[in-house]
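K.L.:
This one is run35.pdb, PDB, C-alpha atoms.
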ATOM      1  CA  MET A   1    -133.409 198.241  85.234
ATOM      2  CA  LEU A   2    -135.036 201.147  83.388
ATOM      3  CA  ILE A   3    -136.368 203.979  85.531
ATOM      4  CA  SER A   4    -137.694 207.089  83.804
ATOM      5  CA  SER A   5    -134.808 208.687  81.913
ATOM      6  CA  TYR A   6    -132.018 206.921  83.777
ATOM      7  CA  SER A   7    -131.092 203.337  84.587
ATOM      8  CA  ILE A   8    -129.207 201.357  87.196
ATOM      9  CA  GLU A   9    -127.290 198.135  86.639
ATOM     10  CA  GLN A  10    -126.011 195.713  89.252
ATOM     11  CA  LYS A  11    -122.296 194.927  89.037
ATOM     12  CA  SER A  12    -120.187 192.509  91.081
ATOM     13  CA  ASP A  13    -119.195 194.997  93.775
ATOM     14  CA  HIS A  14    -121.116 198.158  92.933
ATOM     15  CA  ILE A  15    -124.112 199.517  91.077
ATOM     16  CA  MET A  16    -123.802 201.673  87.965
ATOM     17  CA  GLY A  17    -126.236 204.496  87.295
ATOM     18  CA  ARG A  18    -126.548 205.793  83.741
ATOM     19  CA  PHE A  19    -128.269 208.619  81.877
ATOM     20  CA  TRP A  20    -127.670 211.006  79.006
ATOM     21  CA  ALA A  21    -127.314 214.750  79.601
ATOM     22  CA  ILE A  22    -125.183 217.763  78.611
ATOM     23  CA  ALA A  23    -124.438 216.052  75.282
ATOM     24  CA  SER A  24    -122.588 213.225  77.061
ATOM     25  CA  PRO A  25    -123.058 209.750  78.485
ATOM     26  CA  CYS A  26    -123.197 210.163  82.266
ATOM     27  CA  GLU A  27    -122.319 207.409  84.730
ATOM     28  CA  LEU A  28    -122.202 206.901  88.478
ATOM     29  CA  LEU A  29    -120.259 204.010  90.013
ATOM     30  CA  ILE A  30    -121.825 203.559  93.437
ATOM     31  CA  GLU A  31    -120.185 201.358  96.065
ATOM     32  CA  THR A  32    -123.339 199.652  97.289
ATOM     33  CA  GLN A  33    -125.550 196.627  96.693
ATOM     34  CA  ASP A  34    -128.591 198.606  97.836
ATOM     35  CA  SER A  35    -130.620 199.213  94.691
ATOM     36  CA  MET A  36    -132.874 201.713  96.454
ATOM     37  CA  LEU A  37    -129.896 203.842  97.438
ATOM     38  CA  ALA A  38    -128.388 203.566  93.971
ATOM     39  CA  ASN A  39    -131.700 204.527  92.393
ATOM     40  CA  HIS A  40    -132.013 207.524  94.707
ATOM     41  CA  LEU A  41    -128.484 208.791  94.011
ATOM     42  CA  THR A  42    -128.894 208.331  90.263
ATOM     43  CA  SER A  43    -132.221 210.161  90.383
ATOM     44  CA  VAL A  44    -130.654 213.041  92.320
ATOM     45  CA  ALA A  45    -127.705 213.164  89.913
ATOM     46  CA  TYR A  46    -129.981 213.144  86.871
ATOM     47  CA  ALA A  47    -132.185 215.934  88.221
ATOM     48  CA  GLU A  48    -129.215 218.138  89.140
ATOM     49  CA  THR A  49    -127.458 217.593  85.818
ATOM     50  CA  LYS A  50    -130.598 218.413  83.848
ATOM     51  CA  ARG A  51    -131.107 221.525  86.004
ATOM     52  CA  ILE A  52    -127.604 222.735  85.162
ATOM     53  CA  GLU A  53    -128.085 221.915  81.488
ATOM     54  CA  GLN A  54    -131.398 223.740  81.312
ATOM     55  CA  LYS A  55    -129.919 226.808  82.978
ATOM     56  CA  PHE A  56    -126.513 227.135  81.331
ATOM     57  CA  SER A  57    -126.634 225.449  77.916
ATOM     58  CA  ARG A  58    -126.212 227.825  74.980
ATOM     59  CA  TYR A  59    -128.149 225.349  72.828
ATOM     60  CA  LEU A  60    -131.458 225.888  74.639
ATOM     61  CA  PRO A  61    -133.832 228.838  74.229
ATOM     62  CA  ASN A  62    -135.385 230.944  76.974
ATOM     63  CA  ASN A  63    -132.774 230.214  79.615
ATOM     64  CA  PRO A  64    -130.362 232.636  81.340
ATOM     65  CA  MET A  65    -127.613 231.924  78.813
ATOM     66  CA  ALA A  66    -129.927 232.606  75.877
ATOM     67  CA  ASN A  67    -131.094 235.826  77.522
ATOM     68  CA  ILE A  68    -127.485 237.007  77.810
ATOM     69  CA  ASN A  69    -126.476 235.980  74.295
ATOM     70  CA  ASP A  70    -129.550 237.692  72.843
ATOM     71  CA  SER A  71    -129.201 240.813  74.993
ATOM     72  CA  GLN A  72    -127.770 243.063  72.236
ATOM     73  CA  GLY A  73    -125.512 244.841  74.708
ATOM     74  CA  LYS A  74    -128.131 245.406  77.408
ATOM     75  CA  PRO A  75    -127.450 244.429  81.058
ATOM     76  CA  ILE A  76    -129.060 241.172  82.176
ATOM     77  CA  ALA A  77    -129.758 240.213  85.785
ATOM     78  CA  ILE A  78    -127.930 237.138  87.107
ATOM     79  CA  ASP A  79    -128.126 235.084  90.294
ATOM     80  CA  ASN A  80    -125.352 234.033  92.638
ATOM     81  CA  GLU A  81    -124.762 230.694  90.919
ATOM     82  CA  PHE A  82    -124.267 232.407  87.566
ATOM     83  CA  PHE A  83    -121.918 234.922  89.193
ATOM     84  CA  ARG A  84    -119.815 232.115  90.683
ATOM     85  CA  LEU A  85    -119.477 230.449  87.279
ATOM     86  CA  LEU A  86    -118.385 233.758  85.772
ATOM     87  CA  GLU A  87    -115.779 234.078  88.506
ATOM     88  CA  LEU A  88    -114.569 230.566  87.668
ATOM     89  CA  ALA A  89    -114.395 231.504  83.995
ATOM     90  CA  ASN A  90    -112.377 234.573  84.941
ATOM     91  CA  SER A  91    -109.952 232.455  86.988
ATOM     92  CA  CYS A  92    -109.526 230.061  84.043
ATOM     93  CA  PHE A  93    -108.875 233.023  81.753
ATOM     94  CA  GLN A  94    -106.222 234.422  84.085
ATOM     95  CA  LEU A  95    -104.534 231.078  84.773
ATOM     96  CA  SER A  96    -104.365 230.252  81.062
ATOM     97  CA  ASP A  97    -102.953 233.660  80.122
ATOM     98  CA  GLY A  98    -106.095 234.336  78.123
ATOM     99  CA  LEU A  99    -106.213 231.044  76.229
ATOM    100  CA  PHE A 100    -109.391 229.878  78.002
ATOM    101  CA  ASP A 101    -112.000 232.421  76.952
ATOM    102  CA  ILE A 102    -115.720 231.685  77.190
ATOM    103  CA  THR A 103    -116.436 234.351  74.554
ATOM    104  CA  SER A 104    -114.598 232.364  71.870
ATOM    105  CA  GLY A 105    -117.591 230.151  71.072
ATOM    106  CA  VAL A 106    -118.581 232.429  68.193
ATOM    107  CA  LEU A 107    -115.697 230.865  66.257
ATOM    108  CA  ARG A 108    -118.009 227.915  65.578
ATOM    109  CA  GLN A 109    -119.421 230.167  62.849
ATOM    110  CA  ALA A 110    -116.100 229.676  61.028
ATOM    111  CA  TRP A 111    -115.143 226.162  62.119
ATOM    112  CA  THR A 112    -117.095 223.043  61.239
ATOM    113  CA  PHE A 113    -116.399 220.435  63.908
ATOM    114  CA  ASP A 114    -117.145 217.365  61.811
ATOM    115  CA  GLY A 115    -113.992 215.349  62.502
ATOM    116  CA  SER A 116    -112.300 216.527  59.324
ATOM    117  CA  ASP A 117    -109.078 218.514  59.015
ATOM    118  CA  ASN A 118    -110.749 221.361  57.151
ATOM    119  CA  LEU A 119    -109.645 224.760  58.420
ATOM    120  CA  PRO A 120    -111.509 228.037  57.919
ATOM    121  CA  SER A 121    -109.923 230.789  55.892
ATOM    122  CA  PRO A 122    -108.028 233.532  57.760
ATOM    123  CA  ASP A 123    -110.635 236.019  56.574
ATOM    124  CA  ALA A 124    -113.477 233.957  58.046
ATOM    125  CA  VAL A 125    -111.717 233.984  61.424
ATOM    126  CA  LYS A 126    -110.716 237.637  61.203
ATOM    127  CA  VAL A 127    -114.289 238.822  60.800
ATOM    128  CA  LEU A 128    -115.234 237.166  64.106
ATOM    129  CA  MET A 129    -112.322 238.417  66.205
ATOM    130  CA  PRO A 130    -114.018 241.710  67.219
ATOM    131  CA  PHE A 131    -116.653 239.601  69.007
ATOM    132  CA  ILE A 132    -114.135 237.729  71.149
ATOM    133  CA  GLY A 133    -112.487 238.991  74.321
ATOM    134  CA  TRP A 134    -113.261 238.216  77.950
ATOM    135  CA  GLY A 135    -112.073 241.684  78.918
ATOM    136  CA  LYS A 136    -115.034 243.181  77.067
ATOM    137  CA  VAL A 137    -117.525 241.444  79.364
ATOM    138  CA  LYS A 138    -118.717 243.525  82.324
ATOM    139  CA  TYR A 139    -120.345 241.824  85.297
ATOM    140  CA  ASP A 140    -120.898 241.984  89.030
ATOM    141  CA  GLN A 141    -122.936 239.935  91.496
ATOM    142  CA  SER A 142    -126.253 241.167  90.138
ATOM    143  CA  SER A 143    -125.884 241.693  86.380
ATOM    144  CA  ILE A 144    -123.796 241.118  83.267
ATOM    145  CA  THR A 145    -123.359 243.125  80.080
ATOM    146  CA  VAL A 146    -122.125 241.435  76.911
ATOM    147  CA  ALA A 147    -121.451 243.598  73.850
ATOM    148  CA  LYS A 148    -123.701 243.275  70.810
ATOM    149  CA  GLY A 149    -122.593 240.344  68.648
ATOM    150  CA  MET A 150    -120.739 238.614  71.493
ATOM    151  CA  GLU A 151    -121.803 235.391  73.199
ATOM    152  CA  LEU A 152    -120.905 233.369  76.265
ATOM    153  CA  ASP A 153    -120.338 229.618  76.085
ATOM    154  CA  PHE A 154    -119.787 227.501  79.203
ATOM    155  CA  GLY A 155    -119.074 224.435  77.064
ATOM    156  CA  GLY A 156    -115.463 224.251  78.246
ATOM    157  CA  MET A 157    -116.427 224.062  81.916
ATOM    158  CA  GLY A 158    -120.097 223.066  82.134
ATOM    159  CA  LYS A 159    -119.556 219.320  82.525
ATOM    160  CA  GLU A 160    -116.839 219.886  85.100
ATOM    161  CA  TYR A 161    -119.201 222.068  87.099
ATOM    162  CA  ALA A 162    -121.981 219.487  86.844
ATOM    163  CA  VAL A 163    -119.616 216.715  87.995
ATOM    164  CA  ASP A 164    -118.601 218.784  91.007
ATOM    165  CA  CYS A 165    -122.216 219.554  91.939
ATOM    166  CA  VAL A 166    -123.310 215.919  91.598
ATOM    167  CA  ALA A 167    -120.359 214.617  93.621
ATOM    168  CA  LYS A 168    -121.253 217.016  96.449
ATOM    169  CA  LEU A 169    -124.901 215.973  96.344
ATOM    170  CA  CYS A 170    -123.959 212.294  96.474
ATOM    171  CA  THR A 171    -121.902 212.977  99.583
ATOM    172  CA  GLU A 172    -124.779 214.900 101.170
ATOM    173  CA  HIS A 173    -127.297 212.134 100.454
ATOM    174  CA  ALA A 174    -124.979 209.199 101.232
ATOM    175  CA  PRO A 175    -121.959 210.483 103.193
ATOM    176  CA  THR A 176    -120.403 207.053 103.748
ATOM    177  CA  THR A 177    -120.802 205.806 100.153
ATOM    178  CA  SER A 178    -118.014 206.047  97.590
ATOM    179  CA  VAL A 179    -119.230 207.301  94.215
ATOM    180  CA  VAL A 180    -117.378 207.875  90.952
ATOM    181  CA  VAL A 181    -119.028 210.556  88.847
ATOM    182  CA  ASN A 182    -118.063 210.275  85.172
ATOM    183  CA  PHE A 183    -119.666 212.647  82.678
ATOM    184  CA  GLY A 184    -118.136 212.057  79.278
ATOM    185  CA  GLY A 185    -114.655 211.640  80.730
ATOM    186  CA  ASP A 186    -114.837 214.426  83.317
ATOM    187  CA  ILE A 187    -114.414 212.464  86.523
ATOM    188  CA  GLN A 188    -114.563 212.991  90.276
ATOM    189  CA  VAL A 189    -114.515 210.509  93.180
ATOM    190  CA  ASN A 190    -116.158 211.740  96.358
ATOM    191  CA  ARG A 191    -114.374 209.452  98.864
ATOM    192  CA  ALA A 192    -112.270 206.305  99.212
ATOM    193  CA  ARG A 193    -113.938 202.909  98.966
ATOM    194  CA  HIS A 194    -114.713 200.975 102.162
ATOM    195  CA  ASN A 195    -113.196 197.764 100.871
ATOM    196  CA  LYS A 196    -109.839 199.521 100.307
ATOM    197  CA  GLN A 197    -109.940 198.515  96.659
ATOM    198  CA  PRO A 198    -109.314 201.090  93.945
ATOM    199  CA  TRP A 199    -111.789 202.245  91.375
ATOM    200  CA  TYR A 200    -110.413 201.376  87.964
ATOM    201  CA  ILE A 201    -110.617 204.241  85.476
ATOM    202  CA  GLY A 202    -109.766 203.472  81.847
ATOM    203  CA  ILE A 203    -107.969 206.091  79.758
ATOM    204  CA  GLU A 204    -107.670 205.613  76.017
ATOM    205  CA  SER A 205    -104.081 205.713  74.824
ATOM    206  CA  PRO A 206    -103.356 208.651  72.484
ATOM    207  CA  ASP A 207    -100.799 206.398  70.786
ATOM    208  CA  ASP A 208    -103.392 203.808  69.807
ATOM    209  CA  ALA A 209    -103.492 203.797  66.028
ATOM    210  CA  GLU A 210    -107.161 202.854  66.106
ATOM    211  CA  ALA A 211    -108.147 205.576  68.589
ATOM    212  CA  THR A 212    -110.545 208.195  67.274
TER     213      THR A 212
END
Turn this file's structure into structure tokens for me.
P.N.:
Amino acid sequence: MLISSYSIEQKSDHIMGRFWAIASPCELLIETQDSMLANHLTSVAYAETKRIEQKFSRYLPNNPMANINDSQGKPIAIDNEFFRLLELANSCFQLSDGLFDITSGVLRQAWTFDGSDNLPSPDAVKVLMPFIGWGKVKYDQSSITVAKGMELDFGGMGKEYAVDCVAKLCTEHAPTTSVVVNFGGDIQVNRARHNKQPWYIGIESPDDAEAT
């Protein structure tokens, strides 16, 4: 059943909602046979996911992320949602001992992520290192300052944030309905199923010789 930019499909014991956003296939498994409810939840999920993508994607122009990355070292005003994501990024940085760093996206200028095993030269990486370092970013609840040449990239946490937001919205709109939110493999289940049956989640084996 095609509806605008998303679709719903009746399954044996649930309805699946589908759409494409944040560079990923997005799915909802909704424990209901009510197509109107499933359509509503999928519509809400699609709208929220596109909102997050439009606001935080570094690939889109004229959004808050683009304003920050093009700021040339000038302070840029942010809202509370952006501040909370920065706080999450800071927690990830601290918990990973600095390995998770949302300023490291500039390394894509040296790496070509085409599925090959080609590695950039040490010199190509070295020239970008001055533009990486979460500690160089200054922010508070109202503004952020990113040094000239540096960029932010929420790519390592954007889908997870979207999944969390959509799962909460599904619970708000249908508090007694179990929903699996799956955005490109980032998954959250909002509550247990009424029929006491599990949701089955497939995980590709890393030992599969044919896995890509």
K.L.:
Neighbourhood query: residues within 9 Å of (-112.8, 237.0, 78.7), file coordinates, counting only C-alpha atoms; return as a VMD selection string.
P.N.:
chain A and resid 89 to 90 93 to 94 98 100 to 104 132 to 137
K.L.:
Would you work out the distance separating atom CA of Ile8 of chain A from atom CA of Asn182 of chain A, expressed in Å to one decimal?
P.N.:
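One can read the atom CA of Ile8 of chain A to atom CA of Asn182 of chain A distance as 14.4 Å.
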K.L.:
Quick one: distance from atom CA of Ser24 of chain A to atom CA of Phe183 of chain A in Å, one decimal?
P.N.:
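Computing it gives 6.4 Å between the two atoms.
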K.L.:
Given all atoms listed in the file as the basis, pick out the residue of A:Ser178, A:Thr145, A:Asn190, A:Thr112 nearest to Lys74 of chain A.
P.N.:
A:Thr145
K.L.:
Using all atoms listed in the file, which protein or nucleic acid residues come within 10 Å of Pro175 of chain A? Drop anything in the same chain fewer than 6 positions from it, and give the result as a tab-separated table (two decimals) with C-alpha atoms, in the coordinates of the input.
P.N.:
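Everything below was put into result_3.tsv:
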chain	number	residue	atom	x	y	z
A	168	LYS	CA	-121.25	217.02	96.45
A	169	LEU	CA	-124.90	215.97	96.34
A	190	ASN	CA	-116.16	211.74	96.36
A	191	ARG	CA	-114.37	209.45	98.86
K.L.:
List the residues matched by the PyMOL selection byres ((chain A and resi 36) around 12) in the displayed structure as a PDB file with C-alpha atoms, keeping the file's coordinate frame, ordered by chain and then by residue number.
P.N.:
ATOM      1  CA  MET A   1    -133.409 198.241  85.234  1.00  0.00           C
ATOM      2  CA  ILE A   3    -136.368 203.979  85.531  1.00  0.00           C
ATOM      3  CA  ILE A   8    -129.207 201.357  87.196  1.00  0.00           C
ATOM      4  CA  GLU A   9    -127.290 198.135  86.639  1.00  0.00           C
ATOM      5  CA  GLN A  10    -126.011 195.713  89.252  1.00  0.00           C
ATOM      6  CA  ILE A  15    -124.112 199.517  91.077  1.00  0.00           C
ATOM      7  CA  GLY A  17    -126.236 204.496  87.295  1.00  0.00           C
ATOM      8  CA  ILE A  30    -121.825 203.559  93.437  1.00  0.00           C
ATOM      9  CA  THR A  32    -123.339 199.652  97.289  1.00  0.00           C
ATOM     10  CA  GLN A  33    -125.550 196.627  96.693  1.00  0.00           C
ATOM     11  CA  ASP A  34    -128.591 198.606  97.836  1.00  0.00           C
ATOM     12  CA  SER A  35    -130.620 199.213  94.691  1.00  0.00           C
ATOM     13  CA  LEU A  37    -129.896 203.842  97.438  1.00  0.00           C
ATOM     14  CA  ALA A  38    -128.388 203.566  93.971  1.00  0.00           C
ATOM     15  CA  ASN A  39    -131.700 204.527  92.393  1.00  0.00           C
ATOM     16  CA  HIS A  40    -132.013 207.524  94.707  1.00  0.00           C
ATOM     17  CA  LEU A  41    -128.484 208.791  94.011  1.00  0.00           C
ATOM     18  CA  THR A  42    -128.894 208.331  90.263  1.00  0.00           C
ATOM     19  CA  SER A  43    -132.221 210.161  90.383  1.00  0.00           C
ATOM     20  CA  ALA A 174    -124.979 209.199 101.232  1.00  0.00           C
TER      21      ALA A 174
END
K.L.:
Give as a VMD selection string every residue, naming chains and numbers as the document does, that has an atom within 12 Å of (-128.7, 230.1, 80.9), counting all atoms listed in the file.
P.N.:
chain A and resid 51 to 70 76 to 79 81 to 83 85 to 86 151 to 155 158
K.L.:
Write the residues of the preceding selection, restricted to C-alpha atoms, as an mmCIF file, in the coordinates of the input.
P.N.:
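Result file follows (out-v9.cif):
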data_model
loop_
_atom_site.group_PDB
_atom_site.id
_atom_site.type_symbol
_atom_site.label_atom_id
_atom_site.label_comp_id
_atom_site.auth_asym_id
_atom_site.auth_seq_id
_atom_site.Cartn_x
_atom_site.Cartn_y
_atom_site.Cartn_z
ATOM 1 C CA ARG A 51 -131.107 221.525 86.004
ATOM 2 C CA ILE A 52 -127.604 222.735 85.162
ATOM 3 C CA GLU A 53 -128.085 221.915 81.488
ATOM 4 C CA GLN A 54 -131.398 223.740 81.312
ATOM 5 C CA LYS A 55 -129.919 226.808 82.978
ATOM 6 C CA PHE A 56 -126.513 227.135 81.331
ATOM 7 C CA SER A 57 -126.634 225.449 77.916
ATOM 8 C CA ARG A 58 -126.212 227.825 74.980
ATOM 9 C CA TYR A 59 -128.149 225.349 72.828
ATOM 10 C CA LEU A 60 -131.458 225.888 74.639
ATOM 11 C CA PRO A 61 -133.832 228.838 74.229
ATOM 12 C CA ASN A 62 -135.385 230.944 76.974
ATOM 13 C CA ASN A 63 -132.774 230.214 79.615
ATOM 14 C CA PRO A 64 -130.362 232.636 81.340
ATOM 15 C CA MET A 65 -127.613 231.924 78.813
ATOM 16 C CA ALA A 66 -129.927 232.606 75.877
ATOM 17 C CA ASN A 67 -131.094 235.826 77.522
ATOM 18 C CA ILE A 68 -127.485 237.007 77.810
ATOM 19 C CA ASN A 69 -126.476 235.980 74.295
ATOM 20 C CA ASP A 70 -129.550 237.692 72.843
ATOM 21 C CA ILE A 76 -129.060 241.172 82.176
ATOM 22 C CA ALA A 77 -129.758 240.213 85.785
ATOM 23 C CA ILE A 78 -127.930 237.138 87.107
ATOM 24 C CA ASP A 79 -128.126 235.084 90.294
ATOM 25 C CA GLU A 81 -124.762 230.694 90.919
ATOM 26 C CA PHE A 82 -124.267 232.407 87.566
ATOM 27 C CA PHE A 83 -121.918 234.922 89.193
ATOM 28 C CA LEU A 85 -119.477 230.449 87.279
ATOM 29 C CA LEU A 86 -118.385 233.758 85.772
ATOM 30 C CA GLU A 151 -121.803 235.391 73.199
ATOM 31 C CA LEU A 152 -120.905 233.369 76.265
ATOM 32 C CA ASP A 153 -120.338 229.618 76.085
ATOM 33 C CA PHE A 154 -119.787 227.501 79.203
ATOM 34 C CA GLY A 155 -119.074 224.435 77.064
ATOM 35 C CA GLY A 158 -120.097 223.066 82.134
#
K.L.:
Select, from A:Met157, A:Gly73, A:Val146, A:Gly184, the residue with the minimum atom-to-atom distance to Ala21 of chain A, counting all atoms listed in the file.
P.N.:
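Selected residue with least distance to Ala21 of chain A: A:Gly184.
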K.L.:
Convert the output of the PyMOL selection byres ((chain A and resi 185) around 10) on the shown file into explicit residues, formatted as a list of chain:residue names.
P.N.:
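This file, filtered by the PyMOL selection byres ((chain A and resi 185) around 10), leaves A:Ser24, A:Pro25, A:Cys26, A:Glu27, A:Lys159, A:Glu160, A:Val181, A:Asn182, A:Phe183, A:Gly184, A:Asp186, A:Ile187, A:Gln188, A:Ile201, A:Gly202, A:Ile203.
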K.L.:
Calculate how many Å separate atom CA of Val44 of chain A from atom CA of Tyr200 of chain A, rounding to one decimal.
P.N.:
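Between atom CA of Val44 of chain A and atom CA of Tyr200 of chain A the gap is 23.8 Å.
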K.L.:
Would you translate the PyMOL selection byres ((chain A and resi 195) around 12) into the concrete set of residues it matches in this file, as a VMD selection string?
P.N.:
chain A and resid 13 to 14 31 to 32 177 to 178 191 to 194 196 to 199
K.L.:
Quick one: residues within 7 Å of Gln72 of chain A, all atoms listed in the file counted, chain neighbours fewer than 5 positions away excluded, as a list in words?
P.N.:
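Here the answer would be Ala147, Lys148 and Gly149 of chain A.
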